[in-house]
$ cat run_24.tsv   # TSV, C-alpha atoms
chain	number	residue	atom	x	y	z
Y	1203	MET	CA	-40.23	26.02	-13.65
Y	1204	ALA	CA	-42.32	27.18	-10.69
Y	1205	LYS	CA	-40.79	27.16	-7.24
Y	1206	VAL	CA	-42.91	26.74	-4.14
Y	1207	ILE	CA	-41.61	27.47	-0.64
Y	1208	VAL	CA	-42.84	25.66	2.43
Y	1209	ASP	CA	-41.78	27.23	5.74
Y	1210	VAL	CA	-42.14	25.07	8.82
Y	1211	MET	CA	-41.88	26.61	12.29
Y	1212	PRO	CA	-42.27	25.20	15.80
Y	1213	LYS	CA	-45.60	26.34	17.26
Y	1214	PRO	CA	-45.27	29.41	19.48
Y	1215	GLU	CA	-46.20	27.46	22.63
Y	1216	ILE	CA	-43.64	24.71	21.91
Y	1217	LEU	CA	-40.17	25.12	23.39
Y	1218	ASP	CA	-37.51	25.59	20.69
Y	1219	PRO	CA	-34.20	24.41	22.20
Y	1220	GLN	CA	-32.30	25.06	18.95
Y	1221	GLY	CA	-33.60	28.63	18.76
Y	1222	LYS	CA	-32.65	29.15	22.40
Y	1223	ALA	CA	-29.11	27.90	21.72
Y	1224	VAL	CA	-28.77	30.27	18.76
Y	1225	THR	CA	-30.19	33.14	20.80
Y	1226	SER	CA	-27.65	32.66	23.60
Y	1227	ALA	CA	-24.77	32.25	21.11
Y	1228	LEU	CA	-25.73	35.53	19.44
Y	1229	LYS	CA	-25.80	37.24	22.82
Y	1230	ARG	CA	-22.33	35.88	23.61
Y	1231	LEU	CA	-21.10	37.40	20.34
Y	1232	GLY	CA	-22.48	40.79	21.27
Y	1233	PHE	CA	-25.66	40.67	19.18
Y	1234	ASP	CA	-27.95	41.74	21.99
Y	1235	GLY	CA	-31.71	41.96	22.00
Y	1236	PHE	CA	-32.43	39.22	19.44
Y	1237	SER	CA	-34.71	36.31	20.21
Y	1238	VAL	CA	-34.49	33.52	17.63
Y	1239	ARG	CA	-36.82	30.68	16.76
Y	1240	GLN	CA	-35.49	28.15	14.28
Y	1241	GLY	CA	-37.53	26.39	11.63
Y	1242	LYS	CA	-37.11	24.71	8.26
Y	1243	ARG	CA	-37.47	25.96	4.71
Y	1244	PHE	CA	-38.31	23.59	1.86
Y	1245	GLU	CA	-37.83	24.69	-1.76
Y	1246	ILE	CA	-39.94	22.66	-4.14
Y	1247	ASP	CA	-39.44	22.79	-7.92
Y	1248	VAL	CA	-42.68	21.85	-9.66
Y	1249	ASP	CA	-42.59	20.08	-13.02
Y	1250	GLY	CA	-44.99	21.64	-15.55
Y	1251	GLU	CA	-47.59	24.27	-14.83
Y	1252	LEU	CA	-48.35	25.25	-11.24
Y	1253	THR	CA	-52.12	24.81	-11.15
Y	1254	PRO	CA	-54.28	25.37	-8.05
Y	1255	GLU	CA	-54.56	21.58	-7.81
Y	1256	ARG	CA	-50.76	21.21	-7.74
Y	1257	LEU	CA	-50.50	23.90	-5.07
Y	1258	ASP	CA	-53.18	22.14	-3.06
Y	1259	GLN	CA	-51.18	18.92	-3.43
Y	1260	ILE	CA	-48.12	20.63	-1.93
Y	1261	GLY	CA	-50.25	21.76	1.00
Y	1262	ARG	CA	-51.28	18.17	1.58
Y	1263	ALA	CA	-47.65	17.00	1.26
Y	1264	ALA	CA	-46.63	19.55	3.89
Y	1265	ASP	CA	-49.43	18.41	6.19
Y	1266	THR	CA	-48.57	14.73	5.65
Y	1267	LEU	CA	-44.79	14.73	5.77
Y	1268	LEU	CA	-42.95	18.06	5.82
Y	1269	ALA	CA	-44.51	19.29	9.07
Y	1270	ASN	CA	-45.71	17.52	12.17
Y	1271	THR	CA	-48.77	19.61	13.00
Y	1272	VAL	CA	-48.72	18.40	16.60
Y	1273	ILE	CA	-45.70	20.64	17.19
Y	1274	GLU	CA	-45.24	22.70	14.02
Y	1275	ASN	CA	-47.09	25.18	11.78
Y	1276	PHE	CA	-46.41	25.47	8.07
Y	1277	ASP	CA	-46.87	28.07	5.38
Y	1278	VAL	CA	-46.97	27.45	1.61
Y	1279	ARG	CA	-46.18	30.22	-0.87
Y	1280	VAL	CA	-45.16	30.55	-4.49
Y	1281	GLU	CA	-41.79	32.18	-5.07
Y	1282	GLN	CA	-42.15	35.13	-7.45
I	224	MET	CA	-44.77	-16.47	21.10
I	225	ARG	CA	-43.16	-14.90	18.02
I	226	VAL	CA	-42.05	-11.29	18.51
I	227	GLY	CA	-40.98	-9.28	15.47
I	228	VAL	CA	-38.31	-6.57	15.69
I	229	VAL	CA	-38.22	-4.08	12.82
I	230	THR	CA	-34.90	-2.93	11.36
I	231	PHE	CA	-34.96	0.43	9.55
I	232	PRO	CA	-31.87	1.96	7.93
I	233	GLY	CA	-30.13	3.57	10.92
I	234	THR	CA	-31.71	1.38	13.59
I	235	LEU	CA	-29.19	0.59	16.36
I	236	ASP	CA	-30.85	-1.54	19.00
I	237	ASP	CA	-32.56	-4.21	16.91
I	238	THR	CA	-29.98	-6.84	17.90
I	239	ASP	CA	-30.40	-6.06	21.61
I	240	ALA	CA	-34.18	-6.18	21.27
I	241	LEU	CA	-34.05	-9.54	19.47
I	242	ARG	CA	-31.73	-10.86	22.20
I	243	ALA	CA	-34.01	-9.53	24.95
I	244	VAL	CA	-36.98	-11.34	23.40
I	245	ARG	CA	-34.98	-14.57	23.34
I	246	LEU	CA	-33.66	-14.19	26.93
I	247	CYS	CA	-37.23	-13.63	28.13
I	248	GLY	CA	-38.54	-16.77	26.50
I	249	GLY	CA	-39.99	-15.47	23.24
I	250	GLN	CA	-39.07	-16.36	19.69
I	251	PRO	CA	-37.40	-13.37	18.03
I	252	VAL	CA	-38.28	-12.66	14.39
I	253	PRO	CA	-36.27	-10.03	12.46
I	254	LEU	CA	-38.52	-7.80	10.31
I	255	TRP	CA	-37.27	-5.59	7.49
I	256	HIS	CA	-38.49	-2.03	6.86
I	257	ALA	CA	-38.87	-2.54	3.11
I	258	SER	CA	-41.10	-5.60	3.42
I	259	ASP	CA	-44.83	-5.18	3.87
I	260	SER	CA	-45.11	-8.52	5.68
I	261	LEU	CA	-45.02	-9.05	9.44
I	262	HIS	CA	-44.61	-12.82	8.86
I	263	GLY	CA	-47.49	-13.61	11.19
I	264	VAL	CA	-45.77	-12.42	14.39
I	265	ASP	CA	-47.73	-12.12	17.63
I	266	ALA	CA	-46.22	-8.75	18.58
I	267	VAL	CA	-43.88	-6.09	17.18
I	268	VAL	CA	-41.05	-4.08	18.72
I	269	LEU	CA	-39.91	-0.88	17.02
I	270	PRO	CA	-36.40	-0.52	18.45
I	271	GLY	CA	-34.18	2.47	19.15
I	272	GLY	CA	-31.68	4.17	16.89
I	273	PHE	CA	-31.68	6.88	14.26
I	274	SER	CA	-33.92	5.60	11.47
I	275	TYR	CA	-33.19	7.37	8.18
I	276	GLY	CA	-30.56	9.40	10.02
I	277	ASP	CA	-33.29	11.31	11.91
I	278	TYR	CA	-33.68	13.30	8.67
I	279	LEU	CA	-36.63	15.73	8.59
I	280	ARG	CA	-37.79	14.75	12.12
I	281	CYS	CA	-37.07	11.68	14.24
I	282	GLY	CA	-39.27	8.88	12.93
I	283	ALA	CA	-40.92	11.01	10.23
I	284	ILE	CA	-39.63	9.00	7.28
I	285	ALA	CA	-39.65	5.58	8.97
I	286	ARG	CA	-43.35	6.09	9.61
I	287	PHE	CA	-43.95	5.72	5.86
I	288	ALA	CA	-41.75	2.63	5.39
I	289	PRO	CA	-43.62	-0.28	3.76
I	290	VAL	CA	-43.58	-2.33	6.97
I	291	MET	CA	-45.34	0.46	8.88
I	292	GLY	CA	-48.51	0.22	6.83
I	293	GLU	CA	-49.00	-3.28	8.16
I	294	VAL	CA	-47.91	-2.33	11.70
I	295	VAL	CA	-50.50	0.48	11.78
I	296	ARG	CA	-53.21	-1.77	10.34
I	297	GLN	CA	-52.59	-4.67	12.73
I	298	ALA	CA	-52.06	-2.39	15.74
I	299	GLY	CA	-55.56	-1.11	15.05
I	300	ALA	CA	-56.75	-4.70	15.28
I	301	GLY	CA	-55.04	-5.26	18.63
I	302	LEU	CA	-51.52	-6.43	17.78
I	303	PRO	CA	-49.20	-5.59	20.72
I	304	VAL	CA	-46.62	-2.99	19.60
I	305	LEU	CA	-43.81	-1.58	21.75
I	306	GLY	CA	-41.91	1.49	20.53
I	307	ILE	CA	-38.60	2.13	22.27
I	308	CYS	CA	-36.92	5.54	21.92
I	309	ASN	CA	-36.79	6.06	18.14
I	310	GLY	CA	-39.59	3.48	17.97
I	311	PHE	CA	-41.65	5.72	20.27
I	312	GLN	CA	-40.96	8.64	17.94
I	313	VAL	CA	-42.09	6.52	14.97
I	314	LEU	CA	-45.33	5.57	16.78
I	315	CYS	CA	-46.09	9.25	17.47
I	316	GLU	CA	-45.36	10.22	13.87
I	317	ALA	CA	-47.61	7.36	12.74
I	318	HIS	CA	-50.40	8.69	15.02
I	319	LEU	CA	-50.63	5.35	16.81
I	320	LEU	CA	-49.78	7.37	19.93
I	321	PRO	CA	-50.61	11.03	20.60
I	322	GLY	CA	-48.07	13.83	21.05
I	323	ALA	CA	-44.55	14.27	19.75
I	324	LEU	CA	-40.94	14.08	20.92
I	325	ILE	CA	-38.84	17.21	20.56
I	326	ARG	CA	-35.23	18.07	21.43
I	327	ASN	CA	-34.27	17.80	25.11
I	328	ASP	CA	-34.76	21.09	26.93
I	329	ARG	CA	-31.20	20.88	28.27
I	330	ARG	CA	-29.94	20.63	24.66
I	331	THR	CA	-27.60	17.75	25.39
I	332	PHE	CA	-27.72	14.04	24.73
I	333	VAL	CA	-28.69	12.29	27.95
I	334	CYS	CA	-27.38	8.83	28.89
I	335	ARG	CA	-28.18	7.52	32.35
I	336	ASP	CA	-29.76	4.76	34.40
I	337	GLN	CA	-33.17	6.36	34.89
I	338	ARG	CA	-35.62	5.67	37.71
I	339	LEU	CA	-39.21	5.38	36.50
I	340	ARG	CA	-42.58	4.68	38.00
I	341	VAL	CA	-44.92	2.26	36.24
I	342	GLU	CA	-48.19	4.21	36.13
I	343	THR	CA	-50.44	1.59	34.59
I	344	VAL	CA	-50.39	-2.17	34.49
I	345	ASP	CA	-53.35	-2.29	32.09
I	346	THR	CA	-51.32	-2.62	28.90
I	347	ALA	CA	-49.91	-5.50	26.90
I	348	TRP	CA	-46.39	-4.50	27.96
I	349	THR	CA	-46.80	-3.65	31.68
I	350	GLY	CA	-49.07	-6.37	33.09
I	351	ALA	CA	-46.21	-8.13	34.91
I	352	PHE	CA	-45.38	-5.03	36.99
I	353	ALA	CA	-46.96	-4.15	40.32
I	354	PRO	CA	-49.06	-0.97	40.20
I	355	GLY	CA	-46.80	2.00	40.94
I	356	GLU	CA	-43.66	-0.16	40.81
I	357	GLU	CA	-40.43	1.82	40.68
I	358	ILE	CA	-37.88	0.56	38.19
I	359	VAL	CA	-34.52	1.51	36.66
I	360	ILE	CA	-34.15	1.51	32.88
I	361	ALA	CA	-31.35	2.81	30.64
I	362	LEU	CA	-32.18	6.14	28.99
I	363	LYS	CA	-30.17	7.56	26.06
I	364	ASN	CA	-31.51	10.19	23.71
I	365	GLY	CA	-31.19	13.72	22.41
I	366	GLU	CA	-34.83	14.17	21.47
I	367	GLY	CA	-36.90	12.63	24.24
I	368	ASN	CA	-38.88	15.67	25.32
I	369	TYR	CA	-42.51	14.49	25.20
I	370	GLN	CA	-44.98	17.23	24.31
I	371	ALA	CA	-48.69	17.33	23.57
I	372	ASP	CA	-51.33	20.03	23.84
I	373	ALA	CA	-52.98	20.54	27.22
I	374	ALA	CA	-56.23	18.79	26.24
I	375	THR	CA	-54.35	15.70	25.05
I	376	VAL	CA	-52.24	15.57	28.22
I	377	LYS	CA	-55.36	15.83	30.38
I	378	GLN	CA	-57.03	13.07	28.38
I	379	LEU	CA	-53.97	10.82	28.82
I	380	GLU	CA	-53.81	11.50	32.55
I	381	ASP	CA	-57.56	11.05	33.11
I	382	ALA	CA	-57.67	7.80	31.14
I	383	GLY	CA	-54.61	6.33	32.88
I	384	ARG	CA	-52.70	6.22	29.64
I	385	VAL	CA	-49.48	7.66	31.02
I	386	ALA	CA	-47.57	4.38	31.21
I	387	PHE	CA	-44.27	5.54	32.76
I	388	ARG	CA	-43.14	8.66	34.57
I	389	TYR	CA	-39.59	9.90	35.28
I	390	LEU	CA	-38.56	9.90	38.95
I	391	ASP	CA	-35.84	12.00	40.67
I	392	VAL	CA	-35.12	14.20	37.65
I	393	ASN	CA	-36.94	15.06	34.49
I	394	PRO	CA	-34.09	14.37	32.05
I	395	ASN	CA	-35.46	16.16	28.99
I	396	GLY	CA	-38.31	18.53	29.84
I	397	SER	CA	-41.16	16.14	29.06
I	398	VAL	CA	-44.57	17.49	30.07
I	399	ASN	CA	-45.76	16.03	33.42
I	400	ASP	CA	-42.51	13.96	33.59
I	401	ILE	CA	-44.00	11.57	31.03
I	402	ALA	CA	-41.57	8.83	29.95
I	403	GLY	CA	-44.06	6.66	28.07
I	404	VAL	CA	-47.70	6.48	26.99
I	405	ALA	CA	-50.20	3.88	25.81
I	406	ASN	CA	-53.01	3.93	23.28
I	407	ALA	CA	-56.61	3.65	24.47
I	408	ALA	CA	-56.73	-0.13	23.94
I	409	GLY	CA	-53.43	-0.67	25.78
I	410	ASN	CA	-51.86	-2.79	23.04
I	411	VAL	CA	-49.56	0.00	21.80
I	412	VAL	CA	-46.99	1.42	24.23
I	413	GLY	CA	-44.12	3.81	23.55
I	414	LEU	CA	-41.37	5.01	25.88
I	415	MET	CA	-38.01	6.74	25.62
I	416	PRO	CA	-36.04	4.47	28.04
I	417	HIS	CA	-34.65	1.18	26.72
I	418	PRO	CA	-35.99	-1.94	28.47
I	419	GLU	CA	-34.02	-4.19	26.07
I	420	HIS	CA	-30.83	-2.97	27.76
I	421	ASN	CA	-32.01	-4.13	31.19
I	422	VAL	CA	-32.33	-7.88	30.73
I	423	ASP	CA	-28.79	-9.13	31.48
I	424	PRO	CA	-26.97	-8.73	34.84
I	425	LEU	CA	-23.66	-8.36	32.96
I	426	THR	CA	-24.63	-5.10	31.29
I	427	GLY	CA	-27.80	-3.76	32.89
I	428	ALA	CA	-28.13	-1.67	36.05
I	429	SER	CA	-31.30	-3.70	36.72
I	430	LEU	CA	-33.24	-6.57	35.20
I	431	ASP	CA	-36.44	-4.52	35.16
I	432	GLY	CA	-36.59	-4.64	31.36
I	433	ARG	CA	-37.47	-8.32	31.51
I	434	LYS	CA	-40.91	-7.54	32.87
I	435	PHE	CA	-41.86	-5.69	29.67
I	436	PHE	CA	-41.36	-8.88	27.72
I	437	ALA	CA	-42.74	-11.05	30.53
I	438	SER	CA	-45.90	-8.94	30.42
I	439	LEU	CA	-46.25	-9.79	26.78
I	440	LEU	CA	-45.42	-13.44	27.22
I	441	GLY	CA	-47.73	-13.70	30.21
I	442	GLN	CA	-45.18	-15.40	32.38
I	443	LEU	CA	-43.41	-14.43	35.57
I	444	VAL	CA	-39.68	-13.89	35.69
I	445	GLY	CA	-37.43	-14.61	38.63
$ encode --input "run_24.tsv" --output "structure tokens"
Amino acid sequence: MAKVIVDVMPKPEILDPQGKAVTSALKRLGFDGFSVRQGKRFEIDVDGELTPERLDQIGRAADTLLANTVIENFDVRVEQ
Amino acid sequence: MRVGVVTFPGTLDDTDALRAVRLCGGQPVPLWHASDSLHGVDAVVLPGGFSYGDYLRCGAIARFAPVMGEVVRQAGAGLPVLGICNGFQVLCEAHLLPGALIRNDRRTFVCRDQRLRVETVDTAWTGAFAPGEEIVIALKNGEGNYQADAATVKQLEDAGRVAFRYLDVNPNGSVNDIAGVANAAGNVVGLMPHPEHNVDPLTGASLDGRKFFASLLGQLVG
């Protein structure tokens, strides 16, 4: 069964309060010099063959529901 | 006038919104997320809460509930729609209003009696206010930080579609202190503060919430 990964990240110009909280917690723990932005990863198992049409469909699903393109970018890739 | 209030799974303030409609002289009509009928109401309120547990993003799943298809369709035809807090988030996700609400910049839940300025009276929900009127409305949210790209913000400002602005403090990092916006036609308004909590002297820090509903009902309140 094919697995497709959709990564969703806040756009670079959009403040990421969660990433900032993680960044400052890391610093408190002594992990200096790391700047974190936090996103979401979706793992999608595809029934049957992964055709270009099916992959295109996942792109449209990401654009419709998984990401809000006002504030987020997304990336679709097939897991090898 | 019959005013529908939608209940999604996880909605909290539907009962308060229904009560506010009644106290302000309207006829409250409960609407259910899984029904695709608005039962012929004259206006719709999308109340506050945590629809679908805020899963994925606030309002992202509610936006595709069966009832929303009809809300979007009729809003396009001029039906007055007010989105409060989570309802505002749903309206943005549904693209009835521009922009998006992200987590508060201060990373905490904010609960306070918030001073606001009414920036436009040319909407279905603000006509009973005086231009520039300063009001106090309960605010309670963790993700009320209004963001849009610079071109959209400029368009909103130039067209007078910023409906409400935070005064004294910006509680969540919203761009240009924006607390609420309207669509181009003025029938759809969304805001983070909760006017339905400011209709009763027993529990509200003001009665300023009544004017939202009075605007809709076209009658003055004392």
$ residues_around --input "run_24.tsv" --residues "stretch 1237-1251 of chain Y" --least-positions-apart "2" --cutoff "12 Å" --atoms "only C-alpha atoms" --output "JSON, numbers by chain"
{"Y": [1203, 1204, 1205, 1206, 1207, 1208, 1209, 1210, 1211, 1212, 1213, 1214, 1215, 1216, 1217, 1218, 1219, 1220, 1221, 1222, 1223, 1224, 1225, 1226, 1227, 1228, 1229, 1233, 1234, 1235, 1253, 1254, 1255, 1256, 1257, 1259, 1260, 1261, 1263, 1264, 1267, 1268, 1269, 1270, 1273, 1274, 1275, 1276, 1277, 1278, 1279, 1280, 1281], "I": [278, 279, 280]}
$ closest_residue --input "run_24.tsv" --among "I:Gly355, I:Gly365, I:Gly299, I:Gly292" --to "I:Asp277" --atoms "all atoms listed in the file"
I:Gly365
$ closest_atom_pairs --input "run_24.tsv" --of "chain I" --to "chain Y" --cutoff "7 Å" --atoms "only C-alpha atoms" --output "Markdown table"
| residue | atom | partner | partner_atom | distance |
| --- | --- | --- | --- | --- |
| I:Ala283 | CA | Y:Leu1267 | CA | 7.0 |
| I:Gly322 | CA | Y:Val1272 | CA | 6.4 |
| I:Ala323 | CA | Y:Val1272 | CA | 6.7 |
| I:Arg326 | CA | Y:Pro1219 | CA | 6.5 |
| I:Asp328 | CA | Y:Pro1219 | CA | 5.8 |
| I:Arg330 | CA | Y:Pro1219 | CA | 6.2 |
$ axis_aligned_box --input "run_24.tsv" --around "stretch 294-301 of chain I" --padding-each-side "5 Å" --output "JSON"
{"center_x": -52.3, "center_y": -2.4, "center_z": 14.5, "size_x": 18.8, "size_y": 15.7, "size_z": 18.3}
$ residues_around --input "run_24.tsv" --residues "stretch 248-252 of chain I" --least-positions-apart "5" --cutoff "7 Å" --atoms "all atoms listed in the file" --output "list in words"
Met224, Arg225, Val226, Gly227, Val228 and Leu241 of chain I
$ closest_residue --input "run_24.tsv" --among "I:Asp336, I:Asp372, I:Glu316, I:Asp391" --to "I:Cys281" --atoms "all atoms listed in the file"
I:Glu316
$ residues_around --input "run_24.tsv" --residues "I:Gln297" --least-positions-apart "2" --cutoff "12 Å" --atoms "all atoms listed in the file" --output "list of chain:residue names"
I:Asp259, I:Ser260, I:Leu261, I:Gly263, I:Val264, I:Asp265, I:Ala266, I:Val267, I:Val290, I:Met291, I:Gly292, I:Glu293, I:Val294, I:Val295, I:Gly299, I:Ala300, I:Gly301, I:Leu302, I:Pro303, I:Val304, I:Leu319, I:Asn410, I:Val411
$ atom_distance --input "run_24.tsv" --atom1 "atom CA of I:Ala407" --atom2 "atom CA of I:Glu342"
14.4 Å
$ atom_distance --input "run_24.tsv" --atom1 "atom CA of I:Lys363" --atom2 "atom CA of I:Phe273"
11.9 Å
$ atom_distance --input "run_24.tsv" --atom1 "atom CA of I:Leu269" --atom2 "atom CA of I:Arg340"
21.9 Å
$ residues_near_point --input "run_24.tsv" --point "(-35.2, 13.3, 36.6)" --cutoff "12 Å" --atoms "all atoms listed in the file" --output "list in words"
Arg329, Val333, Cys334, Arg335, Asp336, Gln337, Arg338, Leu339, Arg340, Val359, Leu362, Arg388, Tyr389, Leu390, Asp391, Val392, Asn393, Pro394, Asn395, Gly396, Ser397, Asn399, Asp400, Ile401 and Ala402 of chain I
$ build_atoms --input "run_24.tsv" --residues "stretch 433-443 of chain I" --atoms "all heavy atoms" --output "CSV table (one decimal), keeping the file's coordinate frame"
chain,number,residue,atom,x,y,z
I,433,ARG,N,-36.9,-7.0,31.8
I,433,ARG,CA,-37.5,-8.3,31.5
I,433,ARG,C,-39.0,-8.3,31.7
I,433,ARG,O,-39.7,-9.1,31.0
I,433,ARG,CB,-36.9,-9.4,32.5
I,433,ARG,CG,-35.4,-9.7,32.2
I,433,ARG,CD,-35.0,-10.9,32.9
I,433,ARG,NE,-33.6,-11.2,32.6
I,433,ARG,CZ,-33.0,-12.4,32.9
I,433,ARG,NH1,-33.7,-13.3,33.5
I,433,ARG,NH2,-31.8,-12.6,32.6
I,434,LYS,N,-39.5,-7.5,32.6
I,434,LYS,CA,-40.9,-7.5,32.9
I,434,LYS,C,-41.8,-7.0,31.7
I,434,LYS,O,-42.9,-7.3,31.6
I,434,LYS,CB,-41.2,-6.8,34.2
I,434,LYS,CG,-40.8,-7.6,35.4
I,434,LYS,CD,-41.4,-7.0,36.7
I,434,LYS,CE,-40.9,-7.7,37.9
I,434,LYS,NZ,-41.3,-7.1,39.2
I,435,PHE,N,-41.1,-6.1,30.9
I,435,PHE,CA,-41.9,-5.7,29.7
I,435,PHE,C,-42.2,-6.9,28.8
I,435,PHE,O,-43.3,-7.0,28.3
I,435,PHE,CB,-41.0,-4.7,28.9
I,435,PHE,CG,-40.8,-3.4,29.5
I,435,PHE,CD1,-40.0,-3.2,30.6
I,435,PHE,CD2,-41.5,-2.3,28.9
I,435,PHE,CE1,-39.9,-1.9,31.1
I,435,PHE,CE2,-41.4,-1.0,29.5
I,435,PHE,CZ,-40.6,-0.8,30.6
I,436,PHE,N,-41.2,-7.7,28.6
I,436,PHE,CA,-41.4,-8.9,27.7
I,436,PHE,C,-42.2,-10.0,28.4
I,436,PHE,O,-42.9,-10.7,27.8
I,436,PHE,CB,-40.0,-9.4,27.2
I,436,PHE,CG,-39.2,-8.3,26.5
I,436,PHE,CD1,-38.3,-7.5,27.2
I,436,PHE,CD2,-39.5,-8.0,25.2
I,436,PHE,CE1,-37.6,-6.5,26.5
I,436,PHE,CE2,-38.8,-7.0,24.5
I,436,PHE,CZ,-37.9,-6.2,25.2
I,437,ALA,N,-42.0,-10.1,29.8
I,437,ALA,CA,-42.7,-11.0,30.5
I,437,ALA,C,-44.2,-10.7,30.5
I,437,ALA,O,-45.1,-11.6,30.5
I,437,ALA,CB,-42.2,-11.1,32.0
I,438,SER,N,-44.5,-9.4,30.5
I,438,SER,CA,-45.9,-8.9,30.4
I,438,SER,C,-46.5,-9.5,29.1
I,438,SER,O,-47.6,-10.0,29.1
I,438,SER,CB,-46.0,-7.4,30.4
I,438,SER,OG,-45.4,-6.8,31.6
I,439,LEU,N,-45.8,-9.3,28.1
I,439,LEU,CA,-46.2,-9.8,26.8
I,439,LEU,C,-46.4,-11.3,26.8
I,439,LEU,O,-47.4,-11.9,26.3
I,439,LEU,CB,-45.3,-9.4,25.7
I,439,LEU,CG,-45.6,-9.8,24.3
I,439,LEU,CD1,-46.8,-9.0,23.8
I,439,LEU,CD2,-44.4,-9.7,23.4
I,440,LEU,N,-45.4,-12.0,27.3
I,440,LEU,CA,-45.4,-13.4,27.2
I,440,LEU,C,-46.3,-14.1,28.3
I,440,LEU,O,-46.5,-15.3,28.3
I,440,LEU,CB,-44.0,-14.0,27.4
I,440,LEU,CG,-43.0,-13.4,26.3
I,440,LEU,CD1,-41.6,-13.7,26.7
I,440,LEU,CD2,-43.3,-14.1,24.9
I,441,GLY,N,-46.8,-13.2,29.2
I,441,GLY,CA,-47.7,-13.7,30.2
I,441,GLY,C,-47.1,-14.7,31.2
I,441,GLY,O,-47.8,-15.6,31.7
I,442,GLN,N,-45.8,-14.5,31.4
I,442,GLN,CA,-45.2,-15.4,32.4
I,442,GLN,C,-44.4,-14.6,33.4
I,442,GLN,O,-43.9,-13.5,33.1
I,442,GLN,CB,-44.3,-16.4,31.6
I,442,GLN,CG,-43.2,-15.7,30.9
I,442,GLN,CD,-42.5,-16.7,30.0
I,442,GLN,OE1,-43.0,-17.6,29.4
I,442,GLN,NE2,-41.2,-16.5,29.8
I,443,LEU,N,-44.2,-15.1,34.6
I,443,LEU,CA,-43.4,-14.4,35.6
I,443,LEU,C,-41.9,-14.7,35.4
I,443,LEU,O,-41.5,-15.7,34.9
I,443,LEU,CB,-43.8,-14.9,37.0
I,443,LEU,CG,-45.2,-14.5,37.4
I,443,LEU,CD1,-45.6,-15.2,38.7
I,443,LEU,CD2,-45.4,-13.0,37.5
